[in-house]
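Q: First, the structure itself, so that you have it in front of you.
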Amino acid sequence: MSVRRFMINSRAVRDGYASFDGDIHNHMVRVLRLGTGDAVQLADEKGNVHYGTINQVGKDWVAIKITSSGLAAESGIEVPRVTICQGLPKGDKTDLILQKGTELGAHDFWLFGGRRSVAKIRADQQDGKLERWNRITAEAARQCGRSDIPLVSLKPSAVEAANDTSQQLRLILWEGEREHSLKEVLAVEEKPQSIIVAIGPEGGFDPLEVRHFSQHGYLPVSLGSRILRTETASIAILSVIQYIWGEM
Ligand code: SAM
């Protein structure tokens, strides 16, 4: 079994040891059934990775003896920072999109209220939703051993989202697109530093939204003739990007 990596706060490591209670204890001991003598990696927010073995397990705490520390070995591959700009879907589809997108390397998520979004979020619900969504990405990052956590933010509308043109390569997934194929659009010479992908909610984009994104440099691309569920679209595009420019 490969050595599991856990994201920690650097303050937890002191004098060659680290101890944890709460989520990390639960994940290590109850979920993964790790015990005394098992090797673990501890990645902190400063980019350090500590290698160690579990040397004590209590009822609700676990202690690790650090055997070596170093800087996080970058995979050596500079993957473009990918922002998923997702029209708010119904129900718990957002949880799935955030979890799978984190596993597939999304850098961050912008959720926006699309004109055809059925789900609406009241102002007094926003903080609670964002807190919960950022917990989902933190947990998914921990589970897959990422040393960074994608940030989830809310944009009031598709127009507001489209107005931020800071990403180098901007795509809008549109099933109505017949001209530009994904293959052609991604066959760019130079690997982009940053990519943003706009994805509509279950009801899709309305033509005004597609036009607004296009006016802001978003290239409409098709994912083929089948209509994917909104939660499938982000998984598909992230997998393609990871395959071309990532670690796959
Ligand atoms: N308008 C769609 C329909 O007629 O059923 C519904 C939208 S689809 C469920 C949700 C989103 O996924 C779309 O807005 C688009 O961003 C993306 N998507 C799904 N299938 C796609 C495809 N074949 N090509 C490009 N984007 C697609």
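Naming works like this for the structure tokens: A, B, ... for the chains as they're shown, residue 1 at the start of each chain, ligands 1 onward in shown order.
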Please identify the residues whose atoms come within 12 Å of ligand 1, using only C-alpha atoms and all ligand atoms, and report them as a PyMOL selection string.
A: chain A and resi 84-90+93+97+114-117+158+171-182+197-207+209-210+213+219-237
Q: Next, the residues of the selection above should be written as a PDB file, in the first residue's frame with C-alpha atoms.
A:
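Output contents, as saved in again24.pdb:
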ATOM      1  CA  ILE A  84     -13.991  25.340 -13.010  1.00  0.00           C
ATOM      2  CA  CYS A  85     -16.645  28.024 -13.497  1.00  0.00           C
ATOM      3  CA  GLN A  86     -19.778  26.026 -12.736  1.00  0.00           C
ATOM      4  CA  GLY A  87     -23.407  27.075 -13.124  1.00  0.00           C
ATOM      5  CA  LEU A  88     -25.063  26.220  -9.817  1.00  0.00           C
ATOM      6  CA  PRO A  89     -26.666  22.770 -10.148  1.00  0.00           C
ATOM      7  CA  LYS A  90     -29.523  21.323  -8.105  1.00  0.00           C
ATOM      8  CA  LYS A  93     -24.437  17.652  -7.403  1.00  0.00           C
ATOM      9  CA  ILE A  97     -18.397  18.323  -8.741  1.00  0.00           C
ATOM     10  CA  GLY A 114     -26.926  30.814 -14.112  1.00  0.00           C
ATOM     11  CA  ARG A 115     -30.060  32.266 -15.703  1.00  0.00           C
ATOM     12  CA  ARG A 116     -31.282  28.674 -16.012  1.00  0.00           C
ATOM     13  CA  SER A 117     -30.013  27.524 -12.614  1.00  0.00           C
ATOM     14  CA  ALA A 158     -22.578  34.218 -15.396  1.00  0.00           C
ATOM     15  CA  LEU A 171     -13.367  27.862 -22.650  1.00  0.00           C
ATOM     16  CA  ILE A 172     -17.138  27.576 -22.465  1.00  0.00           C
ATOM     17  CA  LEU A 173     -18.533  24.059 -22.831  1.00  0.00           C
ATOM     18  CA  TRP A 174     -21.460  24.450 -25.151  1.00  0.00           C
ATOM     19  CA  GLU A 175     -23.311  21.545 -26.702  1.00  0.00           C
ATOM     20  CA  GLY A 176     -24.522  23.858 -29.473  1.00  0.00           C
ATOM     21  CA  GLU A 177     -20.971  24.424 -30.760  1.00  0.00           C
ATOM     22  CA  ARG A 178     -20.418  22.850 -34.174  1.00  0.00           C
ATOM     23  CA  GLU A 179     -17.258  24.607 -35.345  1.00  0.00           C
ATOM     24  CA  HIS A 180     -14.595  24.344 -32.656  1.00  0.00           C
ATOM     25  CA  SER A 181     -13.654  20.910 -31.389  1.00  0.00           C
ATOM     26  CA  LEU A 182     -11.935  20.505 -28.045  1.00  0.00           C
ATOM     27  CA  VAL A 197     -13.830  26.331 -18.135  1.00  0.00           C
ATOM     28  CA  ALA A 198     -17.419  27.612 -17.964  1.00  0.00           C
ATOM     29  CA  ILE A 199     -20.025  24.864 -17.545  1.00  0.00           C
ATOM     30  CA  GLY A 200     -23.766  25.398 -17.518  1.00  0.00           C
ATOM     31  CA  PRO A 201     -26.229  24.055 -14.922  1.00  0.00           C
ATOM     32  CA  GLU A 202     -28.737  21.301 -15.756  1.00  0.00           C
ATOM     33  CA  GLY A 203     -30.714  23.702 -17.930  1.00  0.00           C
ATOM     34  CA  GLY A 204     -27.591  24.770 -19.782  1.00  0.00           C
ATOM     35  CA  PHE A 205     -26.580  28.293 -20.823  1.00  0.00           C
ATOM     36  CA  ASP A 206     -28.990  30.672 -22.375  1.00  0.00           C
ATOM     37  CA  PRO A 207     -27.819  32.227 -25.661  1.00  0.00           C
ATOM     38  CA  GLU A 209     -24.791  33.962 -21.552  1.00  0.00           C
ATOM     39  CA  VAL A 210     -22.953  32.142 -24.335  1.00  0.00           C
ATOM     40  CA  PHE A 213     -18.739  34.607 -22.412  1.00  0.00           C
ATOM     41  CA  LEU A 219     -13.964  29.805 -26.815  1.00  0.00           C
ATOM     42  CA  PRO A 220     -17.129  27.691 -27.196  1.00  0.00           C
ATOM     43  CA  VAL A 221     -16.173  24.023 -27.498  1.00  0.00           C
ATOM     44  CA  SER A 222     -18.182  20.855 -27.809  1.00  0.00           C
ATOM     45  CA  LEU A 223     -17.588  17.638 -25.838  1.00  0.00           C
ATOM     46  CA  GLY A 224     -19.175  15.612 -28.651  1.00  0.00           C
ATOM     47  CA  SER A 225     -22.672  14.757 -29.744  1.00  0.00           C
ATOM     48  CA  ARG A 226     -23.902  13.286 -26.456  1.00  0.00           C
ATOM     49  CA  ILE A 227     -25.400  15.641 -23.878  1.00  0.00           C
ATOM     50  CA  LEU A 228     -23.467  15.121 -20.634  1.00  0.00           C
ATOM     51  CA  ARG A 229     -24.929  15.839 -17.208  1.00  0.00           C
ATOM     52  CA  THR A 230     -23.480  19.009 -15.776  1.00  0.00           C
ATOM     53  CA  GLU A 231     -21.554  17.033 -13.161  1.00  0.00           C
ATOM     54  CA  THR A 232     -20.071  14.792 -15.877  1.00  0.00           C
ATOM     55  CA  ALA A 233     -18.843  17.741 -17.945  1.00  0.00           C
ATOM     56  CA  SER A 234     -16.337  18.994 -15.343  1.00  0.00           C
ATOM     57  CA  ILE A 235     -14.985  15.468 -14.788  1.00  0.00           C
ATOM     58  CA  ALA A 236     -14.562  15.019 -18.543  1.00  0.00           C
ATOM     59  CA  ILE A 237     -12.795  18.314 -19.215  1.00  0.00           C
TER      60      ILE A 237
END
Q: Can you tell me, as a PyMOL selection string, which residues in region 50-186 of chain A count as strand (DSSP E or B) by DSSP?
A: chain A and resi 50-57+62-71+81-87+108-112+151-155+169-173+181
Q: Need to verify the contact set: Met28 (chain A), 12 Å, only C-alpha atoms, exclusion of same-chain residues closer than 5 positions in sequence. Can you return it as an MDAnalysis selection string?
A: chainID A and resid 3:7 19:23 33:36 38:42 53:54 57:58 60:64 142:143
Q: Write out the residues from the selection above, keeping N, CA and C atoms, as a short mmCIF file (atom, residue, chain, number, x, y, z; two decimals), in the first residue's frame.
A:
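That gives us result_16.cif:
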data_model
loop_
_atom_site.label_atom_id
_atom_site.label_comp_id
_atom_site.auth_asym_id
_atom_site.auth_seq_id
_atom_site.Cartn_x
_atom_site.Cartn_y
_atom_site.Cartn_z
N VAL A 3 2.39 4.93 0.65
CA VAL A 3 2.39 5.70 1.89
C VAL A 3 1.38 6.85 1.75
N ARG A 4 0.47 6.96 2.68
CA ARG A 4 -0.57 7.98 2.57
C ARG A 4 -0.05 9.34 3.02
N ARG A 5 -0.49 10.37 2.29
CA ARG A 5 -0.05 11.74 2.60
C ARG A 5 -1.20 12.48 3.27
N PHE A 6 -0.90 13.18 4.35
CA PHE A 6 -1.92 13.95 5.07
C PHE A 6 -1.51 15.42 5.08
N MET A 7 -2.51 16.28 4.93
CA MET A 7 -2.22 17.72 4.97
C MET A 7 -2.33 18.18 6.40
N SER A 19 1.59 15.22 16.69
CA SER A 19 0.43 14.46 17.21
C SER A 19 -0.86 15.13 16.74
N PHE A 20 -1.87 14.31 16.53
CA PHE A 20 -3.13 14.82 15.96
C PHE A 20 -4.33 14.23 16.69
N ASP A 21 -5.37 15.02 16.77
CA ASP A 21 -6.67 14.48 17.19
C ASP A 21 -7.67 14.87 16.08
N GLY A 22 -8.94 14.80 16.33
CA GLY A 22 -9.95 15.28 15.36
C GLY A 22 -9.90 14.55 14.02
N ASP A 23 -10.07 15.35 12.92
CA ASP A 23 -10.23 14.76 11.58
C ASP A 23 -9.04 13.89 11.17
N ARG A 33 -7.51 2.78 9.04
CA ARG A 33 -7.07 1.67 9.92
C ARG A 33 -5.55 1.61 10.04
N LEU A 34 -4.91 2.76 10.05
CA LEU A 34 -3.45 2.75 10.24
C LEU A 34 -3.15 2.55 11.73
N GLY A 35 -1.98 2.00 12.01
CA GLY A 35 -1.62 1.74 13.42
C GLY A 35 -0.13 1.90 13.64
N THR A 36 0.31 1.55 14.83
CA THR A 36 1.72 1.70 15.21
C THR A 36 2.64 1.04 14.17
N ASP A 38 3.05 2.06 11.10
CA ASP A 38 2.72 2.41 9.71
C ASP A 38 3.37 3.73 9.32
N ALA A 39 3.89 3.77 8.07
CA ALA A 39 4.56 4.98 7.57
C ALA A 39 3.51 5.96 7.05
N VAL A 40 3.74 7.25 7.27
CA VAL A 40 2.86 8.31 6.73
C VAL A 40 3.71 9.47 6.24
N GLN A 41 3.11 10.30 5.36
CA GLN A 41 3.74 11.54 4.93
C GLN A 41 2.88 12.70 5.43
N LEU A 42 3.49 13.74 5.95
CA LEU A 42 2.75 14.89 6.47
C LEU A 42 3.17 16.12 5.66
N THR A 53 6.67 7.55 11.09
CA THR A 53 5.85 6.34 11.37
C THR A 53 5.02 6.61 12.62
N ILE A 54 3.86 5.98 12.63
CA ILE A 54 2.98 6.14 13.78
C ILE A 54 3.64 5.42 14.97
N VAL A 57 -0.93 5.23 19.37
CA VAL A 57 -2.34 5.48 18.99
C VAL A 57 -3.19 5.49 20.27
N GLY A 58 -3.81 6.64 20.54
CA GLY A 58 -4.69 6.75 21.72
C GLY A 58 -6.14 6.62 21.28
N ASP A 60 -8.40 8.96 21.11
CA ASP A 60 -8.82 10.00 20.13
C ASP A 60 -7.63 10.85 19.72
N TRP A 61 -6.42 10.23 19.74
CA TRP A 61 -5.23 10.96 19.26
C TRP A 61 -4.25 9.94 18.70
N VAL A 62 -3.31 10.48 17.89
CA VAL A 62 -2.28 9.61 17.30
C VAL A 62 -0.96 10.39 17.27
N ALA A 63 0.14 9.72 17.55
CA ALA A 63 1.46 10.40 17.57
C ALA A 63 2.35 9.78 16.48
N ILE A 64 3.08 10.66 15.81
CA ILE A 64 3.97 10.24 14.70
C ILE A 64 5.40 10.60 15.06
N ARG A 142 -7.25 16.13 1.04
CA ARG A 142 -6.56 15.27 2.00
C ARG A 142 -6.63 13.82 1.51
N GLN A 143 -7.80 13.40 1.08
CA GLN A 143 -7.97 11.98 0.67
C GLN A 143 -7.05 11.64 -0.48
#
Q: Using only C-alpha atoms for the distances, tell me which of A:Leu169, A:Leu104, A:Ile195, A:Ala161 is nearest to Cys144 (chain A).
A: A:Leu104
Q: Take CA of Ile136 (chain A) and CA of Asp95 (chain A) and report the distance between them in Å, one decimal.
A: 6.9 Å
Q: Would you please work out which residue, of A:Gln168, A:Gln99, A:Val240, A:Ser147, is nearest to Arg135 (chain A) when using only C-alpha atoms?
A: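 Between A:Gln168, A:Gln99, A:Val240, A:Ser147, the residue approaching Arg135 (chain A) most closely is A:Gln99.
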Q: Pick from A:Gln126, A:Ser68, A:Ser153, A:Thr83: nearest to Val49 (chain A), with only C-alpha atoms counted?
A: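 Distance minimum relative to Val49 (chain A) lands on A:Ser68.
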